[in-house]
$ cat final-v6.json   # JSON, C-alpha atoms (C1' of nucleotides)
[["chain", "number", "residue", "atom", "x", "y", "z"],
["E", 1, "MET", "CA", -63.35, 0.87, -37.71],
["E", 2, "GLU", "CA", -62.77, 2.64, -34.52],
["E", 3, "SER", "CA", -63.53, 6.32, -34.83],
["E", 4, "VAL", "CA", -66.91, 7.58, -33.74],
["E", 5, "PHE", "CA", -67.33, 8.94, -37.24],
["E", 6, "GLU", "CA", -67.12, 5.55, -38.83],
["E", 7, "ILE", "CA", -69.54, 4.17, -36.32],
["E", 8, "ILE", "CA", -72.29, 6.59, -37.19],
["E", 9, "ALA", "CA", -71.62, 6.36, -40.91],
["E", 10, "GLU", "CA", -73.82, 3.27, -41.06],
["E", 11, "PRO", "CA", -77.52, 4.11, -41.54],
["E", 12, "ASN", "CA", -78.83, 1.15, -39.56],
["E", 13, "ARG", "CA", -76.68, 2.08, -36.63],
["E", 14, "ARG", "CA", -77.97, 5.62, -36.70],
["E", 15, "ALA", "CA", -81.48, 4.23, -36.77],
["E", 16, "ILE", "CA", -80.75, 2.16, -33.71],
["E", 17, "LEU", "CA", -79.30, 5.12, -31.87],
["E", 18, "SER", "CA", -82.31, 7.25, -32.70],
["E", 19, "LEU", "CA", -84.56, 4.50, -31.52],
["E", 20, "LEU", "CA", -82.80, 4.31, -28.20],
["E", 21, "VAL", "CA", -83.34, 7.99, -27.55],
["E", 22, "SER", "CA", -86.86, 7.32, -26.35],
["E", 23, "SER", "CA", -85.90, 4.51, -23.99],
["E", 24, "GLU", "CA", -83.85, 1.38, -23.67],
["E", 25, "GLN", "CA", -84.88, -1.49, -25.92],
["E", 26, "SER", "CA", -84.23, -5.17, -26.25],
["E", 27, "VAL", "CA", -82.67, -6.67, -29.35],
["E", 28, "GLY", "CA", -85.98, -8.13, -30.39],
["E", 29, "GLU", "CA", -87.76, -4.83, -30.06],
["E", 30, "ILE", "CA", -85.18, -3.11, -32.19],
["E", 31, "GLU", "CA", -85.35, -5.92, -34.68],
["E", 32, "ARG", "CA", -89.10, -5.53, -35.12],
["E", 33, "GLN", "CA", -89.27, -1.77, -35.19],
["E", 34, "LEU", "CA", -86.46, -1.37, -37.67],
["E", 35, "ARG", "CA", -87.28, -4.51, -39.63],
["E", 36, "MET", "CA", -83.77, -5.82, -39.66],
["E", 37, "THR", "CA", -82.73, -9.42, -39.17],
["E", 38, "GLN", "CA", -81.70, -10.43, -35.69],
["E", 39, "PRO", "CA", -78.04, -11.13, -36.50],
["E", 40, "THR", "CA", -77.74, -7.78, -38.18],
["E", 41, "VAL", "CA", -79.11, -6.01, -35.13],
["E", 42, "SER", "CA", -76.81, -7.91, -32.81],
["E", 43, "LYS", "CA", -73.79, -7.14, -34.93],
["E", 44, "HIS", "CA", -74.53, -3.46, -35.05],
["E", 45, "LEU", "CA", -75.18, -3.40, -31.34],
["E", 46, "ARG", "CA", -71.84, -5.02, -30.79],
["E", 47, "VAL", "CA", -70.12, -2.32, -32.79],
["E", 48, "LEU", "CA", -72.03, 0.37, -30.95],
["E", 49, "ARG", "CA", -71.22, -1.16, -27.61],
["E", 50, "GLU", "CA", -67.52, -1.49, -28.30],
["E", 51, "ALA", "CA", -67.45, 2.11, -29.45],
["E", 52, "GLY", "CA", -69.15, 3.23, -26.26],
["E", 53, "PHE", "CA", -72.37, 4.43, -27.83],
["E", 54, "VAL", "CA", -74.51, 1.96, -25.91],
["E", 55, "GLU", "CA", -74.39, -0.35, -22.95],
["E", 56, "SER", "CA", -76.53, -3.31, -22.06],
["E", 57, "THR", "CA", -77.91, -5.10, -19.08],
["E", 58, "VAL", "CA", -79.24, -8.60, -18.85],
["E", 59, "ASP", "CA", -82.90, -9.34, -18.27],
["E", 60, "ALA", "CA", -83.37, -13.11, -18.37],
["E", 61, "GLN", "CA", -82.70, -14.02, -21.96],
["E", 62, "ARG", "CA", -82.91, -10.53, -23.23],
["E", 63, "ARG", "CA", -80.42, -7.76, -23.34],
["E", 64, "LEU", "CA", -81.59, -4.24, -22.79],
["E", 65, "TYR", "CA", -79.59, -1.62, -24.60],
["E", 66, "ARG", "CA", -79.41, 2.06, -23.81],
["E", 67, "LEU", "CA", -77.39, 5.06, -24.91],
["E", 68, "LYS", "CA", -74.18, 6.32, -23.39],
["E", 69, "PRO", "CA", -73.10, 9.95, -23.73],
["E", 70, "GLU", "CA", -69.37, 10.01, -24.34],
["E", 71, "PRO", "CA", -69.15, 9.45, -28.08],
["E", 72, "PHE", "CA", -71.79, 12.05, -28.72],
["E", 73, "ARG", "CA", -69.74, 14.54, -26.79],
["E", 74, "GLN", "CA", -66.78, 13.73, -28.95],
["E", 75, "LEU", "CA", -68.77, 14.44, -32.06],
["E", 76, "ASP", "CA", -69.96, 17.70, -30.66],
["E", 77, "THR", "CA", -66.43, 18.66, -29.74],
["E", 78, "TRP", "CA", -65.24, 17.96, -33.24],
["E", 79, "LEU", "CA", -68.00, 20.11, -34.64],
["E", 80, "ASP", "CA", -66.92, 22.99, -32.47],
["E", 81, "GLN", "CA", -64.17, 24.03, -34.81],
["E", 82, "PHE", "CA", -66.66, 24.52, -37.61],
["E", 83, "ARG", "CA", -69.42, 26.29, -35.76],
["E", 84, "ARG", "CA", -68.42, 29.73, -36.89],
["E", 85, "PHE", "CA", -69.05, 28.62, -40.46],
["E", 86, "TRP", "CA", -72.67, 27.85, -40.24],
["E", 87, "SER", "CA", -73.77, 30.81, -38.26],
["E", 88, "SER", "CA", -72.31, 33.64, -36.33],
["E", 89, "HIS", "CA", -71.81, 33.05, -32.67],
["E", 90, "ILE", "CA", -74.81, 35.18, -31.89],
["E", 91, "ASP", "CA", -76.96, 33.19, -34.24],
["E", 92, "ALA", "CA", -75.82, 30.02, -32.61],
["E", 93, "LEU", "CA", -76.67, 31.41, -29.24],
["E", 94, "GLU", "CA", -80.12, 32.30, -30.45],
["E", 95, "ARG", "CA", -80.66, 28.87, -31.85],
["E", 96, "TYR", "CA", -79.49, 27.44, -28.62],
["E", 97, "LEU", "CA", -81.84, 29.52, -26.55],
["E", 98, "ASP", "CA", -84.70, 28.57, -28.84],
["E", 99, "ARG", "CA", -83.89, 25.02, -28.15],
["E", 100, "ILE", "CA", -84.16, 25.24, -24.41],
["E", 101, "ASP", "CA", -87.03, 27.69, -24.33],
["E", 102, "PRO", "CA", -88.95, 28.25, -27.55],
["E", 103, "SER", "CA", -90.49, 31.59, -26.82],
["E", 104, "PRO", "CA", -91.24, 34.47, -29.21],
["E", 105, "PRO", "CA", -87.91, 35.36, -30.77],
["E", 106, "THR", "CA", -86.30, 38.51, -29.56],
["E", 107, "LYS", "CA", -86.11, 40.90, -32.41],
["E", 108, "THR", "CA", -82.40, 40.59, -32.56],
["E", 109, "LYS", "CA", -82.76, 40.42, -36.25],
["E", 110, "THR", "CA", -79.97, 42.81, -37.09],
["E", 111, "GLU", "CA", -78.86, 42.14, -40.61],
["E", 112, "ARG", "CA", -75.71, 40.24, -40.26],
["E", 113, "ARG", "CA", -73.54, 39.24, -43.09],
["E", 114, "SER", "CA", -70.12, 38.84, -44.51],
["E", 115, "ARG", "CA", -68.78, 37.52, -41.29],
["E", 116, "GLY", "CA", -66.88, 34.74, -42.89],
["E", 117, "PRO", "CA", -63.37, 34.74, -44.20],
["E", 118, "LYS", "CA", -62.72, 37.71, -46.40],
["E", 119, "ARG", "CA", -61.25, 36.18, -49.44],
["E", 120, "GLU", "CA", -60.12, 38.58, -52.09],
["E", 121, "ARG", "CA", -62.55, 39.26, -54.87],
["E", 122, "ASN", "CA", -62.43, 36.15, -56.95],
["E", 123, "LYS", "CA", -61.01, 36.58, -60.35],
["E", 124, "GLY", "CA", -62.07, 33.76, -62.57],
["E", 125, "GLU", "CA", -65.04, 33.05, -60.32],
["E", 126, "ARG", "CA", -65.90, 29.99, -62.32],
["E", 127, "ASN", "CA", -66.98, 27.58, -59.71],
["E", 128, "GLU", "CA", -67.45, 24.71, -62.12],
["E", 129, "ASN", "CA", -67.15, 21.15, -61.09],
["X", 1, "MET", "CA", -71.82, 7.45, -50.35],
["X", 2, "GLU", "CA", -74.03, 10.39, -50.01],
["X", 3, "SER", "CA", -74.85, 11.07, -46.40],
["X", 4, "VAL", "CA", -72.84, 13.65, -44.54],
["X", 5, "PHE", "CA", -71.96, 10.94, -42.06],
["X", 6, "GLU", "CA", -70.21, 8.82, -44.61],
["X", 7, "ILE", "CA", -68.35, 11.83, -45.91],
["X", 8, "ILE", "CA", -66.74, 12.62, -42.61],
["X", 9, "ALA", "CA", -66.03, 9.00, -41.83],
["X", 10, "GLU", "CA", -62.84, 9.25, -43.84],
["X", 11, "PRO", "CA", -59.87, 10.52, -41.78],
["X", 12, "ASN", "CA", -58.16, 12.32, -44.64],
["X", 13, "ARG", "CA", -61.33, 14.18, -45.44],
["X", 14, "ARG", "CA", -61.68, 15.27, -41.85],
["X", 15, "ALA", "CA", -58.10, 16.46, -41.96],
["X", 16, "ILE", "CA", -58.84, 18.52, -45.03],
["X", 17, "LEU", "CA", -61.89, 20.05, -43.43],
["X", 18, "SER", "CA", -59.96, 20.96, -40.31],
["X", 19, "LEU", "CA", -57.27, 22.48, -42.44],
["X", 20, "LEU", "CA", -59.77, 24.66, -44.25],
["X", 21, "VAL", "CA", -61.04, 26.10, -41.00],
["X", 22, "SER", "CA", -58.16, 28.56, -40.88],
["X", 23, "SER", "CA", -58.58, 29.75, -44.44],
["X", 24, "GLU", "CA", -59.12, 28.64, -48.00],
["X", 25, "GLN", "CA", -56.35, 26.58, -49.51],
["X", 26, "SER", "CA", -55.26, 25.37, -52.89],
["X", 27, "VAL", "CA", -54.94, 21.71, -53.71],
["X", 28, "GLY", "CA", -51.19, 21.94, -53.64],
["X", 29, "GLU", "CA", -51.14, 23.56, -50.24],
["X", 30, "ILE", "CA", -53.37, 20.86, -48.83],
["X", 31, "GLU", "CA", -51.24, 18.23, -50.48],
["X", 32, "ARG", "CA", -48.09, 19.51, -48.82],
["X", 33, "GLN", "CA", -49.49, 20.16, -45.38],
["X", 34, "LEU", "CA", -51.22, 16.82, -45.10],
["X", 35, "ARG", "CA", -48.60, 14.89, -47.03],
["X", 36, "MET", "CA", -51.03, 13.14, -49.28],
["X", 37, "THR", "CA", -50.54, 12.53, -52.98],
["X", 38, "GLN", "CA", -52.15, 15.03, -55.31],
["X", 39, "PRO", "CA", -54.69, 12.65, -56.84],
["X", 40, "THR", "CA", -55.79, 11.58, -53.41],
["X", 41, "VAL", "CA", -56.35, 15.16, -52.38],
["X", 42, "SER", "CA", -58.27, 15.94, -55.54],
["X", 43, "LYS", "CA", -60.47, 12.91, -55.14],
["X", 44, "HIS", "CA", -61.35, 13.72, -51.57],
["X", 45, "LEU", "CA", -62.02, 17.30, -52.50],
["X", 46, "ARG", "CA", -64.36, 16.10, -55.17],
["X", 47, "VAL", "CA", -66.30, 14.06, -52.67],
["X", 48, "LEU", "CA", -66.39, 16.96, -50.26],
["X", 49, "ARG", "CA", -67.54, 19.34, -52.96],
["X", 50, "GLU", "CA", -70.31, 17.09, -54.20],
["X", 51, "ALA", "CA", -71.49, 16.68, -50.64],
["X", 52, "GLY", "CA", -71.56, 20.43, -50.14],
["X", 53, "PHE", "CA", -68.81, 20.61, -47.55],
["X", 54, "VAL", "CA", -66.59, 22.79, -49.69],
["X", 55, "GLU", "CA", -66.69, 24.97, -52.75],
["X", 56, "SER", "CA", -63.94, 26.17, -55.03],
["X", 57, "THR", "CA", -63.01, 29.09, -57.17],
["X", 58, "VAL", "CA", -60.47, 29.24, -59.92],
["X", 59, "ASP", "CA", -57.27, 31.20, -59.62],
["X", 60, "ALA", "CA", -55.25, 30.66, -62.77],
["X", 61, "GLN", "CA", -54.29, 27.03, -62.67],
["X", 62, "ARG", "CA", -55.14, 26.58, -59.09],
["X", 63, "ARG", "CA", -58.37, 25.91, -57.34],
["X", 64, "LEU", "CA", -59.01, 27.50, -54.02],
["X", 65, "TYR", "CA", -61.19, 25.49, -51.72],
["X", 66, "ARG", "CA", -63.12, 26.74, -48.75],
["X", 67, "LEU", "CA", -65.72, 25.42, -46.35],
["X", 68, "LYS", "CA", -69.46, 25.64, -46.74],
["X", 69, "PRO", "CA", -71.75, 25.54, -43.72],
["X", 70, "GLU", "CA", -74.76, 23.46, -44.65],
["X", 71, "PRO", "CA", -73.52, 19.92, -44.01],
["X", 72, "PHE", "CA", -72.16, 20.92, -40.64],
["X", 73, "ARG", "CA", -75.55, 22.23, -39.73],
["X", 74, "GLN", "CA", -77.05, 18.92, -40.66],
["X", 75, "LEU", "CA", -74.66, 17.12, -38.38],
["X", 76, "ASP", "CA", -75.46, 19.45, -35.56],
["X", 77, "THR", "CA", -79.15, 18.96, -36.12],
["X", 78, "TRP", "CA", -78.77, 15.23, -35.98],
["X", 79, "LEU", "CA", -76.85, 15.53, -32.74],
["X", 80, "ASP", "CA", -79.67, 17.53, -31.22],
["X", 81, "GLN", "CA", -81.72, 14.48, -30.42],
["X", 82, "PHE", "CA", -78.92, 13.15, -28.24],
["X", 83, "ARG", "CA", -77.89, 16.28, -26.43],
["X", 84, "ARG", "CA", -79.84, 15.54, -23.30],
["X", 85, "PHE", "CA", -77.66, 12.50, -22.84],
["X", 86, "TRP", "CA", -74.34, 14.14, -22.44],
["X", 87, "SER", "CA", -75.11, 17.16, -20.36],
["X", 88, "SER", "CA", -77.89, 19.29, -19.10],
["X", 89, "HIS", "CA", -78.91, 22.13, -21.30],
["X", 90, "ILE", "CA", -77.47, 24.62, -18.89],
["X", 91, "ASP", "CA", -74.12, 22.93, -18.97],
["X", 92, "ALA", "CA", -74.20, 23.09, -22.72],
["X", 93, "LEU", "CA", -74.96, 26.78, -22.60],
["X", 94, "GLU", "CA", -72.09, 27.39, -20.25],
["X", 95, "ARG", "CA", -69.73, 25.49, -22.41],
["X", 96, "TYR", "CA", -70.95, 27.46, -25.35],
["X", 97, "LEU", "CA", -70.43, 30.78, -23.66],
["X", 98, "ASP", "CA", -66.96, 29.76, -22.59],
["X", 99, "ARG", "CA", -66.23, 29.03, -26.17],
["X", 100, "ILE", "CA", -67.11, 32.44, -27.50],
["X", 101, "ASP", "CA", -65.78, 34.39, -24.55],
["X", 102, "PRO", "CA", -63.68, 32.57, -21.97],
["X", 103, "SER", "CA", -64.18, 35.04, -19.18],
["X", 104, "PRO", "CA", -65.13, 34.55, -15.52],
["X", 105, "PRO", "CA", -68.38, 32.58, -15.62],
["X", 106, "THR", "CA", -71.57, 34.49, -15.05],
["X", 107, "LYS", "CA", -73.62, 33.02, -12.27],
["X", 108, "THR", "CA", -76.51, 32.24, -14.55],
["X", 109, "LYS", "CA", -77.21, 29.15, -12.60],
["X", 110, "THR", "CA", -80.99, 28.93, -12.95],
["X", 111, "GLU", "CA", -81.92, 25.30, -12.87],
["X", 112, "ARG", "CA", -83.42, 24.37, -16.18],
["X", 113, "ARG", "CA", -83.75, 20.84, -17.37],
["X", 114, "SER", "CA", -85.47, 18.16, -19.36],
["X", 115, "ARG", "CA", -86.80, 20.35, -22.08],
["X", 116, "GLY", "CA", -86.50, 18.31, -25.21],
["X", 117, "PRO", "CA", -85.15, 19.68, -28.45],
["X", 118, "LYS", "CA", -87.51, 22.11, -30.08],
["X", 119, "ARG", "CA", -85.64, 23.94, -32.71],
["X", 120, "GLU", "CA", -86.42, 23.81, -36.43],
["X", 121, "ARG", "CA", -86.46, 27.53, -36.50],
["X", 122, "ASN", "CA", -83.96, 29.05, -38.83],
["X", 123, "LYS", "CA", -84.64, 27.61, -42.20],
["X", 124, "GLY", "CA", -83.93, 30.37, -44.66],
["X", 125, "GLU", "CA", -80.89, 31.44, -42.72],
["X", 126, "ARG", "CA", -78.27, 31.22, -45.34],
["X", 127, "ASN", "CA", -75.51, 33.54, -44.39],
["X", 128, "GLU", "CA", -72.29, 33.38, -46.36],
["X", 129, "ASN", "CA", -72.44, 32.99, -50.09],
["B", 1, "DC", "C1'", -44.47, 27.45, -80.07],
["B", 2, "DA", "C1'", -42.32, 24.62, -76.12],
["B", 3, "DG", "C1'", -41.93, 23.49, -71.45],
["B", 4, "DG", "C1'", -43.45, 23.81, -66.79],
["B", 5, "DT", "C1'", -46.99, 23.92, -63.20],
["B", 6, "DA", "C1'", -51.54, 22.81, -61.09],
["B", 7, "DT", "C1'", -55.33, 19.93, -60.95],
["B", 8, "DA", "C1'", -58.63, 16.39, -62.48],
["B", 9, "DT", "C1'", -59.71, 11.85, -63.91],
["B", 10, "DG", "C1'", -59.45, 6.95, -65.59],
["B", 11, "DC", "C1'", -58.08, 2.37, -64.49],
["B", 12, "DT", "C1'", -56.60, -1.31, -61.45],
["B", 13, "DT", "C1'", -55.82, -3.55, -57.13],
["B", 14, "DT", "C1'", -56.61, -4.27, -52.40],
["B", 15, "DT", "C1'", -59.05, -4.15, -48.32],
["B", 16, "DC", "C1'", -62.99, -4.32, -45.47],
["B", 17, "DA", "C1'", -67.58, -3.61, -43.86],
["B", 18, "DG", "C1'", -72.24, -5.36, -44.19],
["B", 19, "DA", "C1'", -75.61, -8.96, -45.02],
["B", 20, "DG", "C1'", -77.10, -13.70, -45.20],
["B", 21, "DT", "C1'", -77.25, -18.22, -43.44],
["B", 22, "DA", "C1'", -76.38, -21.47, -40.15],
["B", 23, "DT", "C1'", -75.31, -22.54, -35.62],
["B", 24, "DA", "C1'", -73.99, -21.96, -30.71],
["B", 25, "DT", "C1'", -75.25, -20.40, -26.13],
["B", 26, "DA", "C1'", -78.25, -19.15, -22.40],
["B", 27, "DC", "C1'", -82.47, -19.08, -20.05],
["B", 28, "DA", "C1'", -87.43, -20.31, -19.38],
["B", 29, "DA", "C1'", -91.37, -23.10, -19.15],
["B", 30, "DA", "C1'", -93.74, -27.44, -19.34],
["L", 1, "DT", "C1'", -85.33, -33.33, -19.95],
["L", 2, "DT", "C1'", -87.42, -31.41, -23.86],
["L", 3, "DT", "C1'", -88.95, -27.56, -26.24],
["L", 4, "DG", "C1'", -89.27, -22.77, -27.24],
["L", 5, "DT", "C1'", -87.38, -18.14, -27.00],
["L", 6, "DA", "C1'", -83.70, -14.52, -27.11],
["L", 7, "DT", "C1'", -79.30, -13.28, -28.46],
["L", 8, "DA", "C1'", -74.50, -13.89, -30.02],
["L", 9, "DT", "C1'", -71.16, -15.48, -33.21],
["L", 10, "DA", "C1'", -68.72, -17.90, -37.10],
["L", 11, "DC", "C1'", -68.24, -18.25, -41.99],
["L", 12, "DT", "C1'", -68.86, -16.82, -46.69],
["L", 13, "DC", "C1'", -69.89, -13.64, -50.37],
["L", 14, "DT", "C1'", -70.39, -9.31, -52.43],
["L", 15, "DG", "C1'", -69.80, -4.53, -53.23],
["L", 16, "DA", "C1'", -67.74, -0.33, -52.65],
["L", 17, "DA", "C1'", -64.34, 2.81, -51.27],
["L", 18, "DA", "C1'", -59.54, 4.23, -51.06],
["L", 19, "DA", "C1'", -54.94, 4.43, -52.95],
["L", 20, "DG", "C1'", -51.47, 4.17, -56.57],
["L", 21, "DC", "C1'", -50.09, 5.12, -61.05],
["L", 22, "DA", "C1'", -50.58, 6.98, -65.44],
["L", 23, "DT", "C1'", -52.48, 10.38, -68.17],
["L", 24, "DA", "C1'", -55.47, 14.17, -69.69],
["L", 25, "DT", "C1'", -56.58, 19.04, -69.32],
["L", 26, "DA", "C1'", -55.84, 23.82, -68.50],
["L", 27, "DC", "C1'", -53.08, 27.81, -67.88],
["L", 28, "DC", "C1'", -48.86, 30.30, -67.47],
["L", 29, "DT", "C1'", -44.16, 31.88, -69.03],
["L", 30, "DG", "C1'", -40.46, 32.48, -72.06]]
$ encode --input "final-v6.json" --output "structure tokens"
Amino acid sequence: MESVFEIIAEPNRRAILSLLVSSEQSVGEIERQLRMTQPTVSKHLRVLREAGFVESTVDAQRRLYRLKPEPFRQLDTWLDQFRRFWSSHIDALERYLDRIDPSPPTKTKTERRSRGPKRERNKGERNEN
Amino acid sequence: MESVFEIIAEPNRRAILSLLVSSEQSVGEIERQLRMTQPTVSKHLRVLREAGFVESTVDAQRRLYRLKPEPFRQLDTWLDQFRRFWSSHIDALERYLDRIDPSPPTKTKTERRSRGPKRERNKGERNEN
DNA sequence: CAGGTATATGCTTTTCAGAGTATATACAAA
DNA sequence: TTTGTATATACTCTGAAAAGCATATACCTG
């Protein structure tokens, strides 16, 4: 297990990451909020740390864990190649702008469609399983 | 295995997805390009199809597979909560613009920052069939 | 029809990640 | 020191996923 993808495949690890978005947390705090056993938390934190998702500092007996950015960038970079499939570039730009400044949408609502790959009219068209 | 995260945790599946970015492909074409055995390809395609990453149409004896956008959107949405950790929003916008049109950077350098994810706008969306 | 091609699926084996339990280590407080 | 707290780690067990191999299914061509 080494790829960032495998790291975030585990639900508990994703929960931990989401929890750390708000602020750094100790193992015990994570343990209580997510209701996992202490060894389980520590193990997942180890995996996350070795993968570069988190780092920790010592505070007496506790360890405070916080997020690190690199792996998230990697994920985003991987996603780049697919972006044109879930919305046109313009759409993505709009979504992006909404994210940074949610103001009344510009009426750039021009019907946009069939932007994807133009495959030839399917013949059998049976999707089936 | 049901979450989109588990689906893309498998390297061969990611390879298939990347391959389908260029255009739809038949099982045999994927098999040859990625040098995997045919059953392996079919099995991974099944997983990808059931998870909504791809869809297929019939062309005589072959099946043509192509990407579907939804799961990628989900991944992107999940990443949203972490975006503020790997770059400022402005940086992200610049990177985005470079991606769609790598021309001399506009000096849109207005400082904008710490403006948490808002989003959750496009719901009906649904471009592409 | 027979034979060839393309793909899906069933079965088996192997590997490995995750959880549980117990224990080790480190620090703190009395 | 002794005791309590916080965290890490070792060991074992279990389940599930991936691959290989064989085979079934579907369609095409002669």
$ atom_distance --input "final-v6.json" --atom1 "CA of His44 in chain X" --atom2 "CA of Val47 in chain E"
26.2 Å
$ atom_distance --input "final-v6.json" --atom1 "CA of Lys43 in chain E" --atom2 "CA of Glu24 in chain E"
17.3 Å
$ atom_distance --input "final-v6.json" --atom1 "C1' of DA19 in chain L" --atom2 "C1' of DG18 in chain B"
21.7 Å
$ interface_residues --input "final-v6.json" --of "chain L" --to "chain X" --cutoff "10 Å" --atoms "only C-alpha atoms (C1' of nucleotides)" --output "PyMOL selection string"
chain L and resi 16-21+26-28
$ interface_residues --input "final-v6.json" --of "chain B" --to "chain E" --cutoff "8 Å" --atoms "all atoms listed in the file" --output "list in words"
DA19, DA26 and DC27 of chain B
$ closest_residue --input "final-v6.json" --among "E:Ala9, E:Arg63, E:Val4, E:Val58" --to "chain X" --atoms "only C-alpha atoms"
E:Ala9
$ residues_around --input "final-v6.json" --residues "range 1-3 of chain B" --least-positions-apart "2" --cutoff "10 Å" --atoms "only C-alpha atoms (C1' of nucleotides)" --output "list of chain:residue names"
B:DT5, L:DT29, L:DG30
$ closest_residue --input "final-v6.json" --among "X:Val54, X:Glu29, X:Leu34, X:Ser42" --to "Ala15 in chain X" --atoms "only C-alpha atoms"
X:Leu34
$ axis_aligned_box --input "final-v6.json" --around "range 18-30 of chain X" --padding-each-side "4 Å" --output "lines of an AutoDock Vina configuration file"
center_x = -56.1
center_y = 25.3
center_z = -47.0
size_x = 17.9
size_y = 16.9
size_z = 21.4
